[in-house]
>>> print(open('entry18.cif').read())   # mmCIF, C-alpha atoms and all ligand atoms
data_work
#
loop_
_atom_site.label_atom_id
_atom_site.label_comp_id
_atom_site.auth_asym_id
_atom_site.auth_seq_id
_atom_site.Cartn_x
_atom_site.Cartn_y
_atom_site.Cartn_z
CA MET H 1 -4.95 32.58 -21.69
CA LEU H 2 -8.68 32.61 -22.59
CA GLY H 3 -8.38 29.07 -23.98
CA PHE H 4 -6.81 27.99 -20.69
CA LEU H 5 -9.63 29.56 -18.66
CA GLY H 6 -12.23 27.84 -20.87
CA GLU H 7 -10.63 24.42 -20.31
CA ALA H 8 -10.42 25.14 -16.56
CA ILE H 9 -14.14 25.93 -16.45
CA ARG H 10 -14.95 22.82 -18.49
CA ASN H 11 -12.83 20.49 -16.33
CA TYR H 12 -11.32 22.11 -13.24
CA ARG H 13 -10.44 18.82 -11.55
CA GLN H 14 -8.09 17.86 -14.39
CA THR H 15 -6.81 21.35 -15.31
CA GLY H 16 -6.26 22.51 -11.72
CA ALA H 17 -5.52 26.17 -12.56
CA VAL H 18 -7.31 29.11 -14.17
CA ALA H 19 -4.24 30.50 -15.91
CA PRO H 20 -0.88 29.23 -17.13
CA SER H 21 2.04 29.33 -14.68
CA SER H 22 4.32 32.39 -14.58
CA ARG H 23 7.81 32.65 -16.01
CA ALA H 24 9.20 32.82 -12.44
CA LEU H 25 7.60 29.49 -11.52
CA ALA H 26 8.69 27.97 -14.85
CA CYS H 27 12.33 29.00 -14.24
CA SER H 28 12.30 27.32 -10.84
CA MET H 29 10.62 24.19 -12.22
CA VAL H 30 13.32 23.66 -14.85
CA SER H 31 16.25 24.71 -12.65
CA LYS H 32 17.57 21.13 -12.19
CA LEU H 33 18.23 20.71 -15.92
CA SER H 34 21.51 22.59 -15.73
CA GLN H 35 22.95 19.89 -13.42
CA PHE H 36 23.20 17.43 -16.30
CA LYS H 37 25.41 17.45 -19.38
CA GLY H 38 23.90 16.43 -22.71
CA PRO H 39 22.53 14.37 -24.23
CA ARG H 40 19.71 14.61 -21.66
CA ARG H 41 16.31 12.97 -21.50
CA ILE H 42 13.54 15.14 -20.14
CA LEU H 43 9.93 14.24 -19.34
CA GLU H 44 7.27 16.91 -18.91
CA VAL H 45 3.93 15.81 -17.47
CA GLY H 46 0.87 18.09 -17.80
CA SER H 47 2.35 20.57 -20.26
CA GLY H 48 -0.88 22.56 -20.70
CA THR H 49 -0.23 25.38 -23.16
CA GLY H 50 3.52 25.22 -22.63
CA ALA H 51 4.49 27.56 -19.77
CA PHE H 52 7.22 25.14 -18.60
CA THR H 53 7.83 23.65 -22.06
CA ARG H 54 9.13 27.00 -23.38
CA CYS H 55 11.72 27.17 -20.58
CA ILE H 56 12.76 23.56 -21.15
CA LEU H 57 13.21 24.13 -24.90
CA GLU H 58 15.32 27.24 -24.25
CA GLN H 59 17.78 25.08 -22.30
CA MET H 60 17.89 22.13 -24.68
CA GLY H 61 20.95 21.40 -26.79
CA PRO H 62 21.86 19.05 -29.65
CA GLY H 63 20.98 15.42 -28.86
CA ASP H 64 18.60 16.25 -26.00
CA ARG H 65 15.16 14.65 -26.04
CA LEU H 66 11.89 15.92 -24.53
CA ASP H 67 8.73 13.84 -24.08
CA ALA H 68 5.80 16.15 -23.26
CA VAL H 69 2.64 14.44 -21.99
CA GLU H 70 -0.69 16.30 -21.99
CA ILE H 71 -4.09 14.64 -21.53
CA ASN H 72 -6.17 17.55 -22.86
CA ALA H 73 -6.34 17.30 -26.69
CA PRO H 74 -6.85 21.05 -27.42
CA PHE H 75 -3.87 21.88 -25.15
CA ALA H 76 -1.72 19.18 -26.80
CA ASP H 77 -2.63 20.53 -30.29
CA THR H 78 -1.80 24.11 -29.29
CA LEU H 79 1.49 23.01 -27.76
CA GLU H 80 2.50 21.10 -30.86
CA SER H 81 1.55 23.75 -33.44
CA THR H 82 2.57 26.96 -31.65
CA ILE H 83 5.66 25.88 -29.67
CA ILE H 84 7.09 22.49 -30.65
CA GLU H 85 6.89 22.62 -34.46
CA PRO H 86 8.59 26.05 -34.78
CA HIS H 87 11.24 24.95 -32.27
CA LEU H 88 12.05 21.79 -34.23
CA VAL H 89 12.33 23.71 -37.50
CA ALA H 90 15.05 25.83 -35.85
CA ASN H 91 16.62 22.90 -33.92
CA PRO H 92 16.37 19.78 -36.10
CA GLU H 93 19.06 17.99 -34.07
CA GLN H 94 16.75 17.75 -31.04
CA VAL H 95 13.95 15.25 -30.44
CA VAL H 96 10.65 16.49 -29.01
CA ARG H 97 7.57 14.33 -28.88
CA VAL H 98 4.10 15.34 -27.68
CA HIS H 99 2.08 12.48 -26.16
CA ALA H 100 -1.59 13.52 -26.27
CA CYS H 101 -2.72 11.15 -23.52
CA ALA H 102 -2.68 10.58 -19.77
CA ILE H 103 0.72 9.95 -18.20
CA GLU H 104 -0.68 6.57 -17.13
CA ASP H 105 -0.97 5.61 -20.84
CA ALA H 106 2.10 7.29 -22.33
CA ALA H 107 4.77 5.20 -24.08
CA LEU H 108 7.72 6.66 -22.18
CA GLU H 109 11.30 6.40 -23.38
CA GLY H 110 13.38 6.95 -20.28
CA PRO H 111 15.44 6.81 -18.24
CA TYR H 112 14.89 10.55 -17.72
CA HIS H 113 17.43 12.84 -16.07
CA VAL H 114 14.75 15.42 -15.28
CA VAL H 115 10.96 15.16 -14.87
CA VAL H 116 8.97 18.41 -14.76
CA CYS H 117 5.44 17.79 -13.55
CA GLY H 118 2.58 20.31 -13.64
CA LEU H 119 -0.22 18.02 -12.44
CA PRO H 120 -2.79 19.29 -9.90
CA PHE H 121 -2.33 16.47 -7.36
CA ASN H 122 -4.56 18.07 -4.73
CA ASN H 123 -7.52 17.54 -7.10
CA PHE H 124 -6.81 13.82 -7.54
CA PRO H 125 -7.73 10.75 -5.48
CA LEU H 126 -4.72 9.61 -3.44
CA GLU H 127 -4.39 6.31 -5.30
CA MET H 128 -4.08 8.18 -8.60
CA THR H 129 -1.41 10.48 -7.16
CA ARG H 130 0.54 7.47 -5.86
CA ARG H 131 0.26 5.67 -9.21
CA ILE H 132 1.48 8.71 -11.14
CA PHE H 133 4.46 9.26 -8.81
CA SER H 134 5.33 5.60 -9.14
CA ILE H 135 5.28 5.89 -12.97
CA MET H 136 7.38 9.07 -12.96
CA LEU H 137 9.93 7.88 -10.39
CA GLY H 138 10.12 4.49 -12.08
CA SER H 139 11.06 6.13 -15.39
CA MET H 140 13.98 8.13 -13.96
CA ALA H 141 17.74 7.73 -14.08
CA PRO H 142 19.34 7.29 -10.62
CA GLY H 143 20.23 10.72 -9.26
CA GLY H 144 17.77 12.45 -11.61
CA TRP H 145 15.43 15.20 -10.39
CA LEU H 146 11.63 15.33 -10.40
CA SER H 147 10.12 18.79 -9.95
CA TYR H 148 6.42 19.43 -9.25
CA PHE H 149 4.54 22.42 -7.83
CA GLU H 150 1.69 23.14 -5.51
CA TYR H 151 -0.06 26.39 -4.70
CA LEU H 152 0.77 28.00 -1.35
CA ALA H 153 -1.56 26.80 1.45
CA MET H 154 -3.77 25.00 -1.06
CA ARG H 155 -4.78 22.19 1.30
CA PRO H 156 -5.80 24.39 4.27
CA LEU H 157 -7.62 26.81 1.92
CA LYS H 158 -9.57 23.98 0.26
CA SER H 159 -10.38 22.10 3.45
CA PRO H 160 -13.47 24.04 4.59
CA PHE H 161 -15.18 23.47 1.23
CA VAL H 162 -14.68 19.75 0.61
CA GLY H 163 -16.50 17.89 3.40
CA ARG H 164 -15.07 15.31 5.77
CA SER H 165 -13.98 12.73 3.19
CA GLY H 166 -12.42 15.44 1.00
CA ARG H 167 -10.49 16.71 4.02
CA SER H 168 -9.12 13.28 4.75
CA VAL H 169 -7.99 12.94 1.09
CA LEU H 170 -6.22 16.31 1.34
CA GLN H 171 -4.57 15.30 4.62
CA ALA H 172 -3.46 11.99 3.14
CA HIS H 173 -1.96 13.88 0.19
CA GLY H 174 -0.06 16.15 2.57
CA SER H 175 1.33 13.12 4.43
CA TYR H 176 2.24 11.22 1.25
CA LEU H 177 3.97 14.19 -0.41
CA GLY H 178 5.75 14.99 2.86
CA GLU H 179 7.03 11.40 3.06
CA LEU H 180 8.38 11.64 -0.49
CA GLU H 181 10.21 14.86 0.40
CA GLY H 182 11.73 13.15 3.43
CA GLN H 183 12.83 10.08 1.49
CA LEU H 184 14.01 11.72 -1.73
CA ASN H 185 16.25 14.60 -0.69
CA GLY H 186 13.31 17.02 -1.00
CA GLN H 187 13.97 20.70 -1.63
CA ARG H 188 11.34 23.41 -2.00
CA ARG H 189 11.30 27.04 -3.06
CA LEU H 190 8.48 29.57 -2.63
CA ILE H 191 7.66 31.48 -5.81
CA ILE H 192 5.77 34.66 -4.94
CA GLY H 193 5.70 35.80 -8.57
CA ASN H 194 2.90 33.45 -9.61
CA ILE H 195 -0.87 33.74 -9.34
CA PRO H 196 -1.41 32.25 -6.83
CA PRO H 197 2.05 31.97 -5.20
CA ALA H 198 3.37 28.43 -5.39
CA TRP H 199 6.02 26.09 -4.03
CA SER H 200 8.26 24.38 -6.53
CA VAL H 201 9.23 21.04 -4.98
CA HIS H 202 12.23 19.00 -6.12
CA LEU H 203 12.76 15.28 -5.41
CA GLN H 204 15.84 13.27 -6.30
CA ALA H 205 15.54 9.71 -7.63
CA MET H 206 17.57 7.27 -5.55
CA ALA H 207 21.05 6.57 -6.87
CA THR H 208 21.66 2.81 -6.87
CA GLY H 209 24.77 1.09 -5.56
C1 LIG H 301 -2.12 23.02 -13.49
S1 LIG H 301 -2.14 22.69 -15.25
C2 LIG H 301 -0.45 23.09 -15.61
C3 LIG H 301 -0.22 23.46 -17.06
C4 LIG H 301 1.17 24.04 -17.37
N1 LIG H 301 2.23 23.11 -17.03
C5 LIG H 301 1.38 25.32 -16.59
O1 LIG H 301 2.07 25.28 -15.56
O2 LIG H 301 0.82 26.34 -17.01
C6 LIG H 301 -2.19 20.90 -15.25
C7 LIG H 301 -2.14 20.24 -16.62
O3 LIG H 301 -2.07 18.82 -16.44
C8 LIG H 301 -2.90 18.18 -17.41
N2 LIG H 301 -3.22 16.84 -16.88
C9 LIG H 301 -4.09 16.52 -15.88
N3 LIG H 301 -4.08 15.20 -15.64
C10 LIG H 301 -3.18 14.65 -16.49
C11 LIG H 301 -2.69 13.31 -16.71
N4 LIG H 301 -3.15 12.26 -15.98
N5 LIG H 301 -1.74 13.10 -17.65
C12 LIG H 301 -1.25 14.15 -18.39
N6 LIG H 301 -1.69 15.44 -18.23
C13 LIG H 301 -2.61 15.69 -17.30
C14 LIG H 301 -4.08 19.12 -17.54
O4 LIG H 301 -4.81 18.93 -18.73
C15 LIG H 301 -3.39 20.49 -17.47
O5 LIG H 301 -2.99 20.93 -18.74
#
>>> encode(input="entry18.cif", output="C-alpha cells")
Amino acid sequence: MLGFLGEAIRNYRQTGAVAPSSRALACSMVSKLSQFKGPRRILEVGSGTGAFTRCILEQMGPGDRLDAVEINAPFADTLESTIIEPHLVANPEQVVRVHACAIEDAALEGPYHVVVCGLPFNNFPLEMTRRIFSIMLGSMAPGGWLSYFEYLAMRPLKSPFVGRSGRSVLQAHGSYLGELEGQLNGQRRLIIGNIPPAWSVHLQAMATG
C-alpha cells in the first residue's frame, strides 16, 4: 500500500491511483473469465501490485495462461516475487508470464479470451488510448471480453483543474470510450466498494463470420 502511494506520488500520470483496487472491483473485473472453458488465454494490462492478478490466479485451471504486463519495474518485481512465483510453485501446470514493459512493447501471445485492463486512460493523450485499445482488441479471440475500469465521475471532477485543452482531451476520451461501448456490446457495473467508487466496463470483441 505504501509502495503504491510512493509510486503514485512519483508518477501520478502513469499510475493513475493512490491505492490498489478493492477486492469488489477486482471480482467485477475478472467476472467474464467464467464464460470460457479451459485452456484459456488471459491478458492483464497494468497489473500494479496485483489486485486483479490475485483474482485471476484464483480462477485459473490447468493449461490456462496469463500474460501480465506492467510498465513500472518495482511493481513488476513485487508482482513476480510475492504473487506469481508462489502461485506457480503450487500450480506448475499453469503458465504465467510477467512482461515488465509498456503494453505497446509487450510480446503478446494471444489470441486472448479475456483482457483485464487497469490502465488510467483519463490521464493519457487520446492517441495513446486509441493505440492501446487497438493493441488489446487486436490481440483478442472473437467473442472474447475486454474489461477496464474508470472512477465514477472522473472526467467532470477533473475538468475544472485541467484547462481548456485538457478539457477537450477528457471530452474526446468520453466520446471515444462511449463509441466503443456502443459498438462492442458494452456493459458496465458500478462498484461502490472501491475508493473511489468505480465503473467496471466490459467490451466484447467482434465475432467474425
Ligand atoms: C490504476 S493502476 C492499477 C493497478 C492495479 N491493476 C490495481 O487495480 O490496483 C494502473 C497501472 O498501470 C500501469 N501502467 C500505466 N501505463 C502502462 C502501460 N502503457 N503499459 C503497462 N502498464 C502501464 C501503472 O504502472 C499502474 O501500475
>>> atom_distance(input="entry18.cif", atom1="CA of Ile135 (chain H)", atom2="CA of Gly46 (chain H)")
13.8 Å
>>> residues_around(input="entry18.cif", residues="Gly118 (chain H)", least_positions_apart="2", cutoff="9 Å", atoms="only C-alpha atoms", output="PyMOL selection string")
chain H and resi 44-48+52+116+120-121+147-150
>>> atom_distance(input="entry18.cif", atom1="CA of Ser168 (chain H)", atom2="CA of Asn72 (chain H)")
28.1 Å
>>> closest_residue(input="entry18.cif", among="H:Glu127, H:Asp77, H:Glu70, H:Glu85", to="Asp105 (chain H)", atoms="all atoms listed in the file")
H:Glu70
>>> atom_distance(input="entry18.cif", atom1="CA of Val169 (chain H)", atom2="CA of Ala153 (chain H)")
15.3 Å
>>> closest_residue(input="entry18.cif", among="H:Asn122, H:Thr78, H:Gln35, H:Thr49", to="ligand LIG 301 (chain H)", atoms="only C-alpha atoms and all ligand atoms")
H:Thr49
>>> residues_near_ligand(input="entry18.cif", ligand="ligand LIG 301 (chain H)", cutoff="9 Å", atoms="all atoms listed in the file", output="VMD selection string")
chain H and resid 4 7 to 8 11 to 22 25 to 26 44 to 53 68 to 73 75 to 76 99 to 106 116 to 121 124 128 132 149 to 150
>>> write_last_selection(input="entry18.cif", atoms="C-alpha atoms", output="PDB file, keeping the file's coordinate frame")
ATOM      1  CA  PHE H   4      -6.810  27.990 -20.690  1.00  0.00           C
ATOM      2  CA  GLU H   7     -10.630  24.420 -20.310  1.00  0.00           C
ATOM      3  CA  ALA H   8     -10.420  25.140 -16.560  1.00  0.00           C
ATOM      4  CA  ASN H  11     -12.830  20.490 -16.330  1.00  0.00           C
ATOM      5  CA  TYR H  12     -11.320  22.110 -13.240  1.00  0.00           C
ATOM      6  CA  ARG H  13     -10.440  18.820 -11.550  1.00  0.00           C
ATOM      7  CA  GLN H  14      -8.090  17.860 -14.390  1.00  0.00           C
ATOM      8  CA  THR H  15      -6.810  21.350 -15.310  1.00  0.00           C
ATOM      9  CA  GLY H  16      -6.260  22.510 -11.720  1.00  0.00           C
ATOM     10  CA  ALA H  17      -5.520  26.170 -12.560  1.00  0.00           C
ATOM     11  CA  VAL H  18      -7.310  29.110 -14.170  1.00  0.00           C
ATOM     12  CA  ALA H  19      -4.240  30.500 -15.910  1.00  0.00           C
ATOM     13  CA  PRO H  20      -0.880  29.230 -17.130  1.00  0.00           C
ATOM     14  CA  SER H  21       2.040  29.330 -14.680  1.00  0.00           C
ATOM     15  CA  SER H  22       4.320  32.390 -14.580  1.00  0.00           C
ATOM     16  CA  LEU H  25       7.600  29.490 -11.520  1.00  0.00           C
ATOM     17  CA  ALA H  26       8.690  27.970 -14.850  1.00  0.00           C
ATOM     18  CA  GLU H  44       7.270  16.910 -18.910  1.00  0.00           C
ATOM     19  CA  VAL H  45       3.930  15.810 -17.470  1.00  0.00           C
ATOM     20  CA  GLY H  46       0.870  18.090 -17.800  1.00  0.00           C
ATOM     21  CA  SER H  47       2.350  20.570 -20.260  1.00  0.00           C
ATOM     22  CA  GLY H  48      -0.880  22.560 -20.700  1.00  0.00           C
ATOM     23  CA  THR H  49      -0.230  25.380 -23.160  1.00  0.00           C
ATOM     24  CA  GLY H  50       3.520  25.220 -22.630  1.00  0.00           C
ATOM     25  CA  ALA H  51       4.490  27.560 -19.770  1.00  0.00           C
ATOM     26  CA  PHE H  52       7.220  25.140 -18.600  1.00  0.00           C
ATOM     27  CA  THR H  53       7.830  23.650 -22.060  1.00  0.00           C
ATOM     28  CA  ALA H  68       5.800  16.150 -23.260  1.00  0.00           C
ATOM     29  CA  VAL H  69       2.640  14.440 -21.990  1.00  0.00           C
ATOM     30  CA  GLU H  70      -0.690  16.300 -21.990  1.00  0.00           C
ATOM     31  CA  ILE H  71      -4.090  14.640 -21.530  1.00  0.00           C
ATOM     32  CA  ASN H  72      -6.170  17.550 -22.860  1.00  0.00           C
ATOM     33  CA  ALA H  73      -6.340  17.300 -26.690  1.00  0.00           C
ATOM     34  CA  PHE H  75      -3.870  21.880 -25.150  1.00  0.00           C
ATOM     35  CA  ALA H  76      -1.720  19.180 -26.800  1.00  0.00           C
ATOM     36  CA  HIS H  99       2.080  12.480 -26.160  1.00  0.00           C
ATOM     37  CA  ALA H 100      -1.590  13.520 -26.270  1.00  0.00           C
ATOM     38  CA  CYS H 101      -2.720  11.150 -23.520  1.00  0.00           C
ATOM     39  CA  ALA H 102      -2.680  10.580 -19.770  1.00  0.00           C
ATOM     40  CA  ILE H 103       0.720   9.950 -18.200  1.00  0.00           C
ATOM     41  CA  GLU H 104      -0.680   6.570 -17.130  1.00  0.00           C
ATOM     42  CA  ASP H 105      -0.970   5.610 -20.840  1.00  0.00           C
ATOM     43  CA  ALA H 106       2.100   7.290 -22.330  1.00  0.00           C
ATOM     44  CA  VAL H 116       8.970  18.410 -14.760  1.00  0.00           C
ATOM     45  CA  CYS H 117       5.440  17.790 -13.550  1.00  0.00           C
ATOM     46  CA  GLY H 118       2.580  20.310 -13.640  1.00  0.00           C
ATOM     47  CA  LEU H 119      -0.220  18.020 -12.440  1.00  0.00           C
ATOM     48  CA  PRO H 120      -2.790  19.290  -9.900  1.00  0.00           C
ATOM     49  CA  PHE H 121      -2.330  16.470  -7.360  1.00  0.00           C
ATOM     50  CA  PHE H 124      -6.810  13.820  -7.540  1.00  0.00           C
ATOM     51  CA  MET H 128      -4.080   8.180  -8.600  1.00  0.00           C
ATOM     52  CA  ILE H 132       1.480   8.710 -11.140  1.00  0.00           C
ATOM     53  CA  PHE H 149       4.540  22.420  -7.830  1.00  0.00           C
ATOM     54  CA  GLU H 150       1.690  23.140  -5.510  1.00  0.00           C
TER      55      GLU H 150
END
>>> residues_near_point(input="entry18.cif", point="(12.9, 17.8, -1.6)", cutoff="6 Å", atoms="only C-alpha atoms", output="PyMOL selection string")
chain H and resi 181+185-188+201-203
>>> closest_residue(input="entry18.cif", among="H:Arg189, H:Glu93, H:Ile84, H:Met206", to="Cys27 (chain H)", atoms="all atoms listed in the file")
H:Arg189
>>> residues_around(input="entry18.cif", residues="Gly166 (chain H)", least_positions_apart="4", cutoff="12 Å", atoms="all atoms listed in the file", output="list in words")
Asn122, Asn123, Phe124, Pro125, Leu126, Arg155, Pro156, Lys158, Ser159, Pro160, Phe161, Val162, Leu170, Gln171, Ala172 and His173 of chain H
>>> write_last_selection(input="entry18.cif", atoms="C-alpha atoms", output="tab-separated table (two decimals), keeping the file's coordinate frame")
chain	number	residue	atom	x	y	z
H	122	ASN	CA	-4.56	18.07	-4.73
H	123	ASN	CA	-7.52	17.54	-7.10
H	124	PHE	CA	-6.81	13.82	-7.54
H	125	PRO	CA	-7.73	10.75	-5.48
H	126	LEU	CA	-4.72	9.61	-3.44
H	155	ARG	CA	-4.78	22.19	1.30
H	156	PRO	CA	-5.80	24.39	4.27
H	158	LYS	CA	-9.57	23.98	0.26
H	159	SER	CA	-10.38	22.10	3.45
H	160	PRO	CA	-13.47	24.04	4.59
H	161	PHE	CA	-15.18	23.47	1.23
H	162	VAL	CA	-14.68	19.75	0.61
H	170	LEU	CA	-6.22	16.31	1.34
H	171	GLN	CA	-4.57	15.30	4.62
H	172	ALA	CA	-3.46	11.99	3.14
H	173	HIS	CA	-1.96	13.88	0.19
>>> residues_near_point(input="entry18.cif", point="(1.5, 30.0, -5.8)", cutoff="8 Å", atoms="only C-alpha atoms", output="MDAnalysis selection string")
chainID H and resid 150:152 190:199
>>> axis_aligned_box(input="entry18.cif", around="region 152-167 of chain H", padding_each_side="5 Å", output="JSON")
{"center_x": -7.9, "center_y": 20.4, "center_z": 2.2, "size_x": 27.3, "size_y": 25.3, "size_z": 17.1}
>>> closest_residue(input="entry18.cif", among="H:Ser31, H:Ser134, H:Ala107, H:Gly6", to="Glu58 (chain H)", atoms="all atoms listed in the file")
H:Ser31
>>> residues_around(input="entry18.cif", residues="Arg41 (chain H)", least_positions_apart="6", cutoff="8 Å", atoms="all atoms listed in the file", output="number ranges by chain")
H: 64-66, 110-114
>>> write_last_selection(input="entry18.cif", atoms="C-alpha atoms", output="PDB file, in the coordinates of the input")
ATOM      1  CA  ASP H  64      18.600  16.250 -26.000  1.00  0.00           C
ATOM      2  CA  ARG H  65      15.160  14.650 -26.040  1.00  0.00           C
ATOM      3  CA  LEU H  66      11.890  15.920 -24.530  1.00  0.00           C
ATOM      4  CA  GLY H 110      13.380   6.950 -20.280  1.00  0.00           C
ATOM      5  CA  PRO H 111      15.440   6.810 -18.240  1.00  0.00           C
ATOM      6  CA  TYR H 112      14.890  10.550 -17.720  1.00  0.00           C
ATOM      7  CA  HIS H 113      17.430  12.840 -16.070  1.00  0.00           C
ATOM      8  CA  VAL H 114      14.750  15.420 -15.280  1.00  0.00           C
TER       9      VAL H 114
END
>>> closest_residue(input="entry18.cif", among="H:Ala24, H:Arg10, H:Pro62, H:Ile56", to="Pro39 (chain H)", atoms="only C-alpha atoms")
H:Pro62
>>> closest_residue(input="entry18.cif", among="H:Arg130, H:Ser81, H:Val115, H:Arg40", to="Gln94 (chain H)", atoms="only C-alpha atoms")
H:Arg40
